[in-house]
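Asker: My structure is stored as structure-v4.txt, with compact mmCIF, C-alpha atoms.
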# COMPACT_ATOMS: atom_id res chain seq x y z
CA MET A 1 5.64 -24.03 -14.85
CA GLY A 2 2.08 -23.20 -15.72
CA ASP A 3 1.04 -20.98 -18.60
CA ALA A 4 2.28 -17.43 -18.17
CA LEU A 5 -0.11 -14.49 -18.28
CA ARG A 6 1.06 -11.12 -19.50
CA VAL A 7 -0.14 -7.52 -19.68
CA GLU A 8 1.38 -4.20 -20.71
CA HIS A 9 0.24 -0.65 -19.96
CA PRO A 10 1.86 2.80 -20.04
CA ALA A 11 3.53 3.91 -16.81
CA VAL A 12 0.87 6.42 -15.80
CA ILE A 13 -1.24 6.48 -12.66
CA GLU A 14 -4.39 5.76 -14.65
CA SER A 15 -2.95 2.36 -15.52
CA LEU A 16 -2.67 1.25 -11.90
CA PRO A 17 -6.19 -0.24 -11.59
CA ARG A 18 -5.65 -2.36 -14.71
CA LEU A 19 -2.20 -3.50 -13.57
CA LEU A 20 -3.57 -4.48 -10.14
CA ALA A 21 -6.64 -6.13 -11.65
CA PHE A 22 -4.29 -8.21 -13.77
CA VAL A 23 -2.39 -9.60 -10.77
CA ASP A 24 -5.65 -10.09 -8.84
CA ASP A 25 -7.15 -12.02 -11.74
CA ALA A 26 -3.96 -13.99 -12.31
CA CYS A 27 -3.83 -15.01 -8.65
CA GLY A 28 -7.49 -16.02 -8.83
CA ALA A 29 -7.01 -18.01 -12.03
CA HIS A 30 -4.02 -19.81 -10.53
CA GLU A 31 -5.76 -20.47 -7.22
CA VAL A 32 -3.31 -18.48 -5.14
CA GLY A 33 -4.54 -18.15 -1.55
CA ARG A 34 -5.83 -14.88 -0.17
CA GLU A 35 -2.85 -13.99 2.01
CA ASP A 36 -0.35 -14.77 -0.71
CA ALA A 37 -2.42 -12.86 -3.27
CA PHE A 38 -2.41 -9.84 -0.96
CA ALA A 39 1.39 -9.97 -0.74
CA ILE A 40 1.79 -10.32 -4.50
CA ARG A 41 -0.58 -7.41 -5.15
CA LEU A 42 1.20 -5.17 -2.65
CA ALA A 43 4.69 -5.92 -3.96
CA THR A 44 3.53 -5.39 -7.55
CA GLU A 45 1.84 -2.09 -6.72
CA GLU A 46 4.88 -0.71 -4.93
CA VAL A 47 7.13 -1.54 -7.88
CA CYS A 48 4.65 -0.09 -10.39
CA MET A 49 4.16 3.09 -8.36
CA ASN A 50 7.91 3.61 -8.25
CA LEU A 51 8.02 3.29 -12.03
CA ILE A 52 5.02 5.60 -12.47
CA ARG A 53 6.36 8.25 -10.11
CA TYR A 54 10.07 8.17 -10.79
CA GLY A 55 11.02 5.62 -13.45
CA TYR A 56 10.44 7.67 -16.55
CA ALA A 57 11.11 11.04 -14.92
CA GLY A 58 11.99 13.69 -17.46
CA ARG A 59 10.70 11.82 -20.49
CA PRO A 60 7.41 10.45 -21.78
CA PRO A 61 6.13 7.46 -19.81
CA GLY A 62 7.07 4.15 -21.35
CA PRO A 63 5.60 0.72 -20.78
CA ILE A 64 5.18 -1.42 -17.70
CA GLU A 65 4.91 -5.08 -18.62
CA ILE A 66 3.85 -7.65 -16.05
CA GLU A 67 4.06 -11.38 -16.52
CA PHE A 68 2.62 -13.84 -14.02
CA ALA A 69 3.42 -17.51 -13.79
CA ARG A 70 2.71 -20.17 -11.22
CA ALA A 71 4.55 -23.39 -10.52
CA ALA A 72 3.51 -25.86 -7.85
CA ASP A 73 4.64 -23.92 -4.82
CA ARG A 74 5.59 -20.53 -6.18
CA ALA A 75 4.18 -17.57 -8.03
CA THR A 76 6.54 -15.47 -10.14
CA VAL A 77 5.79 -11.91 -11.16
CA THR A 78 8.15 -10.43 -13.72
CA ILE A 79 8.00 -6.67 -14.26
CA ARG A 80 9.74 -5.21 -17.29
CA ASP A 81 10.21 -1.56 -18.18
CA ARG A 82 12.32 0.81 -20.23
CA ALA A 83 12.87 3.32 -17.45
CA ALA A 84 16.17 4.44 -15.99
CA ALA A 85 18.04 1.58 -14.34
CA PHE A 86 17.13 1.07 -10.70
CA GLU A 87 19.56 -0.45 -8.27
CA PRO A 88 17.40 -2.11 -5.59
CA ASN A 89 20.22 -2.02 -3.05
CA SER A 90 20.47 1.76 -3.45
CA ALA A 91 16.93 2.35 -2.19
CA PRO A 92 16.98 4.47 0.98
CA PRO A 93 16.28 2.57 4.19
CA PRO A 94 12.86 3.28 5.66
CA ASP A 95 12.39 5.24 8.85
CA LEU A 96 10.69 2.79 11.20
CA VAL A 97 11.54 4.34 14.54
CA SER A 98 11.11 8.14 14.57
CA ASP A 99 8.15 9.58 16.43
CA SER A 100 5.17 10.68 14.37
CA GLU A 101 6.36 14.26 13.97
CA ARG A 102 9.66 13.26 12.41
CA ARG A 103 8.52 10.11 10.64
CA ARG A 104 9.16 9.91 6.89
CA VAL A 105 7.61 7.45 4.48
CA GLY A 106 10.45 7.47 1.94
CA GLY A 107 11.79 4.01 1.28
CA LEU A 108 8.73 2.34 2.72
CA GLY A 109 7.51 0.96 -0.60
CA TRP A 110 10.66 -1.00 -1.32
CA HIS A 111 10.80 -2.13 2.33
CA LEU A 112 7.32 -3.62 1.91
CA VAL A 113 8.29 -5.33 -1.35
CA LYS A 114 11.18 -7.10 0.38
CA HIS A 115 8.89 -8.37 3.11
CA MET A 116 6.07 -9.43 0.81
CA VAL A 117 8.06 -11.75 -1.45
CA ASP A 118 10.70 -14.41 -0.90
CA GLU A 119 13.06 -13.83 -3.81
CA ILE A 120 13.94 -10.71 -5.77
CA ALA A 121 16.13 -10.59 -8.87
CA TYR A 122 16.92 -7.56 -10.98
CA ARG A 123 18.79 -7.02 -14.19
CA SER A 124 19.19 -3.97 -16.36
CA ASP A 125 20.14 -4.25 -19.98
CA PRO A 126 20.60 -1.27 -22.36
CA GLU A 127 19.03 -3.25 -25.19
CA ARG A 128 16.20 -5.09 -23.46
CA GLY A 129 15.42 -2.71 -20.60
CA ASN A 130 14.97 -3.58 -16.95
CA GLN A 131 13.53 -6.74 -15.50
CA LEU A 132 12.54 -7.26 -11.88
CA THR A 133 11.50 -10.75 -10.85
CA LEU A 134 9.51 -11.30 -7.67
CA VAL A 135 8.97 -14.81 -6.37
CA LYS A 136 6.40 -15.65 -3.73
CA LEU A 137 6.61 -19.07 -2.12
CA LEU A 138 2.98 -20.04 -1.67
CA LYS A 139 1.90 -20.98 1.82
CA GLU A 140 -1.72 -21.66 1.09
CA ARG A 141 -3.49 -24.01 -1.20
CA THR A 142 -6.95 -23.20 -2.41
CA ALA A 143 -7.40 -26.08 -4.81
CA MET B 14 -12.36 2.39 -2.16
CA ASP B 15 -15.41 3.85 -0.47
CA ILE B 16 -15.24 6.53 2.24
CA SER B 17 -17.97 7.88 4.47
CA VAL B 18 -17.71 10.50 7.19
CA ASN B 19 -19.82 10.66 10.33
CA PRO B 20 -18.99 13.88 12.21
CA GLY B 21 -20.96 12.69 15.26
CA GLY B 22 -20.13 14.68 18.38
CA SER B 23 -16.60 15.62 19.37
CA VAL B 24 -15.13 12.66 17.51
CA THR B 25 -15.46 12.18 13.75
CA VAL B 26 -15.56 8.65 12.42
CA VAL B 27 -14.22 8.10 8.90
CA THR B 28 -15.16 4.70 7.50
CA ILE B 29 -12.79 3.44 4.81
CA ASN B 30 -13.86 0.35 2.87
CA GLY B 31 -12.21 -1.59 0.08
CA SER B 32 -8.68 -0.87 -1.12
CA VAL B 33 -6.40 2.12 -0.70
CA ASP B 34 -3.79 2.15 -3.44
CA GLY B 35 -1.67 4.66 -5.29
CA LEU B 36 -4.67 5.96 -7.19
CA THR B 37 -7.28 6.10 -4.42
CA ALA B 38 -4.96 7.37 -1.67
CA ASP B 39 -5.33 10.93 -2.96
CA GLN B 40 -9.08 10.73 -2.37
CA LEU B 41 -8.47 9.42 1.14
CA LEU B 42 -6.03 12.21 1.92
CA ALA B 43 -8.41 14.84 0.53
CA THR B 44 -11.22 13.52 2.74
CA LEU B 45 -9.02 13.46 5.84
CA ASP B 46 -7.60 16.91 5.05
CA ALA B 47 -11.12 18.28 4.72
CA GLN B 48 -11.93 17.10 8.25
CA VAL B 49 -8.86 18.76 9.73
CA ASP B 50 -9.55 21.93 7.72
CA ALA B 51 -13.05 21.98 9.21
CA GLY B 52 -11.61 21.82 12.72
CA ARG B 53 -12.36 18.14 13.25
CA THR B 54 -9.07 16.91 14.70
CA HIS B 55 -10.35 14.03 16.84
CA LEU B 56 -10.61 11.38 14.16
CA VAL B 57 -11.29 7.66 14.23
CA ALA B 58 -10.76 5.59 11.09
CA ASP B 59 -13.08 2.60 10.99
CA LEU B 60 -11.03 0.04 9.07
CA SER B 61 -13.31 -2.95 9.58
CA GLY B 62 -14.01 -2.99 5.84
CA LEU B 63 -10.53 -2.07 4.63
CA GLU B 64 -9.09 -5.04 2.80
CA TYR B 65 -5.89 -3.59 1.40
CA THR B 66 -3.50 -0.68 1.66
CA SER B 67 -0.16 0.08 0.10
CA SER B 68 2.43 2.63 1.19
CA ALA B 69 0.35 5.29 -0.56
CA GLY B 70 -2.38 4.79 2.04
CA LEU B 71 0.18 4.87 4.83
CA ARG B 72 1.42 8.21 3.52
CA ALA B 73 -2.10 9.67 3.77
CA VAL B 74 -2.54 8.29 7.29
CA LEU B 75 0.81 9.59 8.51
CA GLY B 76 0.15 13.04 7.07
CA THR B 77 -3.14 13.18 8.93
CA VAL B 78 -1.62 11.93 12.18
CA LYS B 79 0.91 14.75 12.00
CA ARG B 80 -1.71 17.39 11.20
CA THR B 81 -4.19 16.34 13.89
CA ARG B 82 -1.55 15.97 16.60
CA SER B 83 -0.13 19.40 15.81
CA LYS B 84 -3.60 20.75 16.63
CA GLY B 85 -4.05 18.75 19.82
CA GLY B 86 -6.04 15.94 18.22
CA ASP B 87 -5.22 12.54 16.80
CA LEU B 88 -6.17 9.98 14.17
CA ARG B 89 -6.84 6.61 15.79
CA LEU B 90 -7.55 3.33 14.07
CA ALA B 91 -10.36 0.91 14.83
CA ALA B 92 -10.99 -2.69 13.79
CA VAL B 93 -7.86 -3.10 11.70
CA GLN B 94 -8.04 -6.35 9.73
CA PRO B 95 -5.10 -8.80 9.90
CA GLN B 96 -3.64 -8.17 6.45
CA VAL B 97 -3.77 -4.39 6.85
CA PHE B 98 -2.37 -4.71 10.37
CA LYS B 99 0.61 -6.58 8.96
CA VAL B 100 1.35 -3.70 6.56
CA LEU B 101 1.02 -1.14 9.37
CA ASP B 102 3.29 -3.23 11.57
CA LEU B 103 5.96 -3.75 8.89
CA ALA B 104 5.94 -0.01 8.30
CA GLY B 105 6.47 0.69 11.98
CA PHE B 106 3.12 2.46 12.30
CA THR B 107 1.85 0.31 15.16
CA GLY B 108 4.48 1.93 17.36
CA ILE B 109 3.34 5.50 16.72
CA MET B 110 -0.43 5.10 16.28
CA LYS B 111 -3.18 4.07 18.66
CA LEU B 112 -5.21 1.07 17.55
CA TYR B 113 -8.47 -0.20 19.04
CA ASP B 114 -10.54 -3.32 18.60
CA ASP B 115 -13.67 -1.45 17.55
CA VAL B 116 -15.05 2.00 16.84
CA PRO B 117 -16.73 2.59 20.24
CA SER B 118 -13.44 1.89 22.03
CA ALA B 119 -11.54 4.24 19.75
CA VAL B 120 -14.14 6.99 20.15
CA ALA B 121 -14.20 6.53 23.93
CA SER B 122 -10.40 6.78 24.09
CA PHE B 123 -10.61 10.48 23.31
CA GLY B 124 -12.97 11.02 26.24
CA VAL B 125 -10.61 9.29 28.65
CA GLN B 126 -7.80 11.61 27.68
CA ALA B 127 -9.83 14.80 27.34
Show me the file's structure as structure tokens.

Answerer:
Amino acid sequence: MGDALRVEHPAVIESLPRLLAFVDDACGAHEVGREDAFAIRLATEEVCMNLIRYGYAGRPPGPIEIEFARAADRATVTIRDRAAAFEPNSAPPPDLVSDSERRRVGGLGWHLVKHMVDEIAYRSDPERGNQLTLVKLLKERTA
Amino acid sequence: MDISVNPGGSVTVVTINGSVDGLTADQLLATLDAQVDAGRTHLVADLSGLEYTSSAGLRAVLGTVKRTRSKGGDLRLAAVQPQVFKVLDLAGFTGIMKLYDDVPSAVASFGVQA
């Protein structure tokens, strides 16, 4: 495993550019290919936006911590927070079939996350907070 | 993200460059809403320079599709790049939206149906 990179910002919308810049820069520094970097950015944004919008609902926004690490064939993004526990399997299924008038976008973010990465692990701990781990198996090599 | 609007004739072309994310999607939606509010309901989004969108961008697009269609118009997409196309496809948007290879084709599609 290569050296891990880490950043932490409050879960507010103004933090999003810095959180995304972090994963962009981390992918660049670790020579992750363009298509894989796109997928990692998208999955990370969807998770962060969920935390920003809903995670700390009803109380002051807490932190979002992102850690990035690359091994030979995989990039791992670990997202930690102190928000309410989120059960990934409880996310509503997306509406992919209704016509445009009836179409809803709820659940789309998590649907995209599942398609962008290859492995997802989640744990919630009252003491240490929540940790979501996203693993992308890298298809491209830029080195 | 960078947006420019060319009202042209009966079809308005909105060029969206860069990245649409959770922060910039509001600006996109405001720009698209302003067109519909001004009576411009035949819209083409030139996505040749759009490198990235998340579900926030899809939300803005879907809202505009609904608004324009309810007024007899439409929002059609031109020159969608592969990565953005993949997101649209995963989201099921390619089944409900009209996509064209380039802006002239998308603009002309309104004339064919008018």

Asker: At what distance in Å, to one decimal, does CA of Thr54 (chain B) lie from CA of Thr25 (chain B)?

Answerer: 8.0 Å

Asker: Determine, counting all atoms listed in the file, which protein, DNA and RNA residues have an atom within 12 Å of an atom of Asp102 (chain B); residues of the same chain fewer than 2 positions away are not included. Present the result as a list in words.

Answerer: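 Result of the neighbour search: Leu96, Val97, Leu108, His111, Leu112 and His115 of chain A; Ser68, Leu71, Val93, Gln94, Pro95, Gln96, Val97, Phe98, Lys99, Val100, Ala104, Gly105, Phe106, Thr107, Gly108, Ile109, Met110 and Leu112 of chain B.
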
Asker: Quick one: distance from CA of Ile40 (chain A) to CA of Glu127 (chain A) in Å, one decimal?

Answerer: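 The value is 27.8 Å.
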
Asker: As JSON, numbers by chain, please: the residues near region 3-18 of chain A (cut-off 12 Å, all atoms listed in the file, same-chain neighbours under 5 positions excluded).

Answerer: {"A": [23, 24, 25, 26, 27, 29, 30, 41, 42, 44, 45, 46, 47, 48, 49, 50, 51, 52, 53, 54, 55, 56, 57, 59, 60, 61, 62, 63, 64, 65, 66, 67, 68, 69, 70, 71, 75, 76, 77, 78, 79, 80, 81, 82, 83], "B": [14, 32, 33, 34, 35, 36, 37, 38, 39]}

Asker: What separation in Å, quoted to one decimal, exists between CA of Lys139 (chain A) and CA of Glu87 (chain A)?

Answerer: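 Interatomic distance here is 28.9 Å.
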
Asker: What's the 8 Å shell around region 119-122 of chain B, counting only C-alpha atoms, without same-chain residues fewer than 5 positions away, as a list in words?

Answerer: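 Listing them by chain and then by number gives Val24, Val57, Arg89, Leu90, Ala91, Leu112, Tyr113 and Asp114 of chain B.
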
Asker: For those residues, write C-alpha atoms to a file as a PDB file, in the frame of the given file.

Answerer:
ATOM      1  CA  VAL B  24     -15.130  12.660  17.510  1.00  0.00           C
ATOM      2  CA  VAL B  57     -11.290   7.660  14.230  1.00  0.00           C
ATOM      3  CA  ARG B  89      -6.840   6.610  15.790  1.00  0.00           C
ATOM      4  CA  LEU B  90      -7.550   3.330  14.070  1.00  0.00           C
ATOM      5  CA  ALA B  91     -10.360   0.910  14.830  1.00  0.00           C
ATOM      6  CA  LEU B 112      -5.210   1.070  17.550  1.00  0.00           C
ATOM      7  CA  TYR B 113      -8.470  -0.200  19.040  1.00  0.00           C
ATOM      8  CA  ASP B 114     -10.540  -3.320  18.600  1.00  0.00           C
TER       9      ASP B 114
END

Asker: Need the shell around Arg102 (chain A): protein/DNA/RNA residues with any atom at most 9 Å away, counting only C-alpha atoms. Skip same-chain ones fewer than 3 positions apart. Format as a PyMOL selection string?

Answerer: (chain A and resi 98-99) or (chain B and resi 79)

Asker: Those residues with C-alpha atoms, as a CSV table (one decimal), in the coordinates of the input please?

Answerer:
chain,number,residue,atom,x,y,z
A,98,SER,CA,11.1,8.1,14.6
A,99,ASP,CA,8.2,9.6,16.4
B,79,LYS,CA,0.9,14.8,12.0

Asker: Out of B:Gly76, B:Leu103, B:Asn19, B:Ala43, which residue has the shortest atom-to-atom distance to Asp95 (chain A) when counting only C-alpha atoms?

Answerer: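 Answer, going by the shortest atom-to-atom distance: B:Leu103.
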
Asker: Kindly provide, as JSON, numbers by chain, the residues of chain A having any atom no farther than 6 Å from an atom of chain B, counting only C-alpha atoms.

Answerer: {"A": [96, 100, 101, 109]}

Asker: Need to verify the contact set: Ala51 (chain B), 12 Å, all atoms listed in the file, exclusion of same-chain residues closer than 5 positions in sequence. Can you return it as a PyMOL selection string?

Answerer: chain B and resi 20+25+44-46+56+81

Asker: For a quick check of understanding, using only C-alpha atoms, which of A:Ala91, A:Leu132, A:Met116, A:Leu20 has the smallest distance to Asp36 (chain A)?

Answerer: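 Closest to Asp36 (chain A) of all the choices is A:Met116.
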
Asker: Adding 8 Å on each side of the box along x, y and z that holds all listed atoms of region 116-120 of chain A, could you give its centre and edge lengths in Å to one decimal, as JSON?

Answerer:
{"center_x": 10.0, "center_y": -11.9, "center_z": -2.5, "size_x": 23.9, "size_y": 21.0, "size_z": 22.6}

Asker: Of the residues B:Leu101, B:Gly22, B:Leu41, B:Ala92, which is the one nearest to Phe123 (chain B), using all atoms listed in the file?

Answerer: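 Ranked by minimum distance to Phe123 (chain B), first place goes to B:Gly22.
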
Asker: Given all atoms listed in the file as the basis, pick out the residue of B:Val116, B:Gly52, B:Gly70, B:Gly124 nearest to Val27 (chain B).

Answerer: B:Val116

Asker: Go through A:Gly106, A:Gly58, A:Val32, A:Ala121 and flag the residue nearest Ala84 (chain A), using all atoms listed in the file for the distances.

Answerer: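 Ranking A:Gly106, A:Gly58, A:Val32, A:Ala121 by distance to Ala84 (chain A), first place goes to A:Gly58.
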